[in-house]
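Notes for the one structure printed next.
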Amino acid sequence: MINKKFDITKLEKLNHPGRIVDINPTFIWSKIAALKADTIVDIGAGTGLFSKEFAQLSPKSNILALDISPIMIDWMNENVCPNFPTIRTMLMEESKTPLEDNSVDVVIMINLHHELHDELEMLNECYRILKIGGKIAISDWKKQETPKGPPMEIRLETSEVSKQLTDCNFGQIQMYNDLINNWLVIGEKK
């Protein structure tokens, strides 16, 4: 079986500025920006690269950067949070967050979906924490040859993720293939 998790010994790879070009946060935000977001949750935040971007795109939002790795949480607390006071880190379990029901406006997952052991369990958790009308934005590797990225056999098509969202009661599903190596799927909590 393939190890689907990111190798934390390659932590610095997560901070490469090319990731912002490949997975444009402004594009992602433009697809969910009609929503007033008091609280944005970045699940699988890693080093907080995208948490910082969303903090700049929505400066009045509280950003909760969640990860399963204490090393990532410590890294963000040391290197990100001192410069971005709206970002707060939280340790989470594989598919369980420490957040209350109906407590967040936006959930973002970037290059995480292919690592999940149980996609539906994670999506149900996202549904639980989102407010009615809240949105989830999932971006992951296209299921095609790309110059970098995970093995093809663990990548998913947008249609698969759309079905998963539907199975978890999300509606208003939109799919985009505009990013360089990634797709974007957005759903809304009914």
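Each chain in the structure tokens gets a letter, A, B and so on, in the order shown; residues start at 1 in every chain, and ligands are counted from 1 in the order they appear.
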Run DSSP on the backbone of this structure and report the residues of chain A it assigns to alpha helix (DSSP H), as a PDB file with C-alpha atoms, in the first residue's frame.
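Saved to part.pdb:
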```
ATOM      1  CA  GLY A  18       5.753  28.373  -6.772  1.00  0.00           C
ATOM      2  CA  ARG A  19       2.883  26.735  -4.877  1.00  0.00           C
ATOM      3  CA  ILE A  20       1.116  30.116  -4.765  1.00  0.00           C
ATOM      4  CA  VAL A  21       1.465  30.374  -8.543  1.00  0.00           C
ATOM      5  CA  ASP A  22       0.289  26.784  -9.145  1.00  0.00           C
ATOM      6  CA  PRO A  25      -5.393  31.541  -3.611  1.00  0.00           C
ATOM      7  CA  THR A  26      -6.949  34.612  -5.274  1.00  0.00           C
ATOM      8  CA  PHE A  27      -8.657  32.344  -7.815  1.00  0.00           C
ATOM      9  CA  ILE A  28      -9.947  30.075  -5.036  1.00  0.00           C
ATOM     10  CA  TRP A  29     -11.115  33.054  -2.972  1.00  0.00           C
ATOM     11  CA  SER A  30     -12.902  34.569  -5.996  1.00  0.00           C
ATOM     12  CA  LYS A  31     -15.067  31.440  -6.174  1.00  0.00           C
ATOM     13  CA  ILE A  32     -16.178  31.764  -2.513  1.00  0.00           C
ATOM     14  CA  LEU A  49       1.466  28.952   3.429  1.00  0.00           C
ATOM     15  CA  PHE A  50      -2.143  29.151   2.288  1.00  0.00           C
ATOM     16  CA  SER A  51      -3.433  30.235   5.708  1.00  0.00           C
ATOM     17  CA  LYS A  52      -1.253  33.341   5.318  1.00  0.00           C
ATOM     18  CA  GLU A  53      -2.633  33.976   1.831  1.00  0.00           C
ATOM     19  CA  PHE A  54      -6.245  33.725   2.991  1.00  0.00           C
ATOM     20  CA  ALA A  55      -5.453  35.945   5.991  1.00  0.00           C
ATOM     21  CA  GLN A  56      -4.323  38.607   3.516  1.00  0.00           C
ATOM     22  CA  LEU A  57      -7.293  38.071   1.177  1.00  0.00           C
ATOM     23  CA  PRO A  70       2.506  18.479  16.005  1.00  0.00           C
ATOM     24  CA  ILE A  71       5.654  19.374  14.034  1.00  0.00           C
ATOM     25  CA  MET A  72       3.593  21.432  11.562  1.00  0.00           C
ATOM     26  CA  ILE A  73       1.646  23.092  14.400  1.00  0.00           C
ATOM     27  CA  ASP A  74       4.883  24.003  16.205  1.00  0.00           C
ATOM     28  CA  TRP A  75       6.401  25.318  12.970  1.00  0.00           C
ATOM     29  CA  MET A  76       3.380  27.567  12.303  1.00  0.00           C
ATOM     30  CA  ASN A  77       3.311  28.790  15.915  1.00  0.00           C
ATOM     31  CA  GLU A  78       6.954  29.780  15.642  1.00  0.00           C
ATOM     32  CA  ASN A  79       7.120  31.085  12.069  1.00  0.00           C
ATOM     33  CA  GLU A 119     -12.718  10.981   2.348  1.00  0.00           C
ATOM     34  CA  LEU A 120     -16.384  10.711   3.393  1.00  0.00           C
ATOM     35  CA  GLU A 121     -15.519  10.768   7.087  1.00  0.00           C
ATOM     36  CA  MET A 122     -13.537  13.997   6.582  1.00  0.00           C
ATOM     37  CA  LEU A 123     -16.241  15.566   4.425  1.00  0.00           C
ATOM     38  CA  ASN A 124     -18.907  14.699   7.014  1.00  0.00           C
ATOM     39  CA  GLU A 125     -16.724  16.393   9.636  1.00  0.00           C
ATOM     40  CA  CYS A 126     -16.478  19.476   7.418  1.00  0.00           C
ATOM     41  CA  TYR A 127     -20.244  19.469   6.996  1.00  0.00           C
ATOM     42  CA  ARG A 128     -20.655  19.273  10.784  1.00  0.00           C
ATOM     43  CA  ILE A 129     -18.466  22.308  11.508  1.00  0.00           C
ATOM     44  CA  THR A 158     -13.379  16.202  -9.895  1.00  0.00           C
ATOM     45  CA  SER A 159     -16.403  14.009 -10.609  1.00  0.00           C
ATOM     46  CA  GLU A 160     -15.369  11.631  -7.785  1.00  0.00           C
ATOM     47  CA  VAL A 161     -15.017  14.489  -5.303  1.00  0.00           C
ATOM     48  CA  SER A 162     -18.303  16.018  -6.476  1.00  0.00           C
ATOM     49  CA  LYS A 163     -20.064  12.713  -5.794  1.00  0.00           C
ATOM     50  CA  GLN A 164     -18.444  12.479  -2.366  1.00  0.00           C
ATOM     51  CA  LEU A 165     -19.698  15.982  -1.532  1.00  0.00           C
ATOM     52  CA  THR A 166     -23.191  15.071  -2.732  1.00  0.00           C
ATOM     53  CA  ASP A 167     -23.099  11.895  -0.627  1.00  0.00           C
TER      54      ASP A 167
END
```
Would you mind telling me which residue in A:Met109, A:Ile136, A:Leu66, A:Met175 lies nearest to A:Thr89 when using only C-alpha atoms?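 Selected residue with least distance to A:Thr89: A:Leu66.
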Extract the full set of strand (DSSP E or B) residues from chain A according to DSSP on the backbone, and format it as a ChimeraX atom specification. /A:39-43,62-67,87-91,93,96,104-110,130-141,170-176,182-189
Counting only C-alpha atoms, the residue of A:Asn24, A:Gln144, A:Ser69, A:Asn62 that sits nearest A:Gly46: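 Using only C-alpha atoms, the shortest distance to A:Gly46 belongs to A:Ser69.
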Between A:Ile23, A:Ile180, A:Ile43, A:Glu157, which has the minimum distance to A:Lys96 (counting only C-alpha atoms)?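 Ranked by minimum distance to A:Lys96, first place goes to A:Ile43.
Considering only C-alpha atoms, the residue among A:Leu116, A:Leu179, A:Ala137, A:Leu130 positioned nearest to A:Glu100 is A:Leu130.
Interatomic distance, atom CA of A:Ile154 to atom CA of A:Lys190: 29.0 Å.
All residues of protein, DNA or RNA that reach within 10 Å of A:Ser139, judged by only C-alpha atoms and not counting those fewer than 4 positions away in the chain, are Ile23, Ile28, Ile108, Met109, Ile110, Asn111, Leu112, His113, His114, Thr158, Met175, Tyr176, Asn177, Leu179, Asn181, Asn182, Trp183, Leu184, Val185 and Ile186 of chain A.
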Report the distance between atom CA of A:Thr47 and atom CA of A:Lys60 in Å, rounded to one decimal place.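 Atom CA of A:Lys60 lies at a distance of 21.1 Å from atom CA of A:Thr47.
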Kindly give the distance, in Å, that separates atom CA of A:Asp38 and atom CA of A:Val107, rounded to a single decimal. 11.6 Å
Find the residues around A:Lys131 up to 9 Å (only C-alpha atoms counted), leave out those fewer than 2 positions away in its own chain, and share them as a count of residues only. 14
May I ask which of the residues A:Glu188, A:Glu94, A:Asp67, A:Asp42 is the closest one to A:Ile132, counting only C-alpha atoms?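 Smallest separation from A:Ile132 among the options: A:Glu188.
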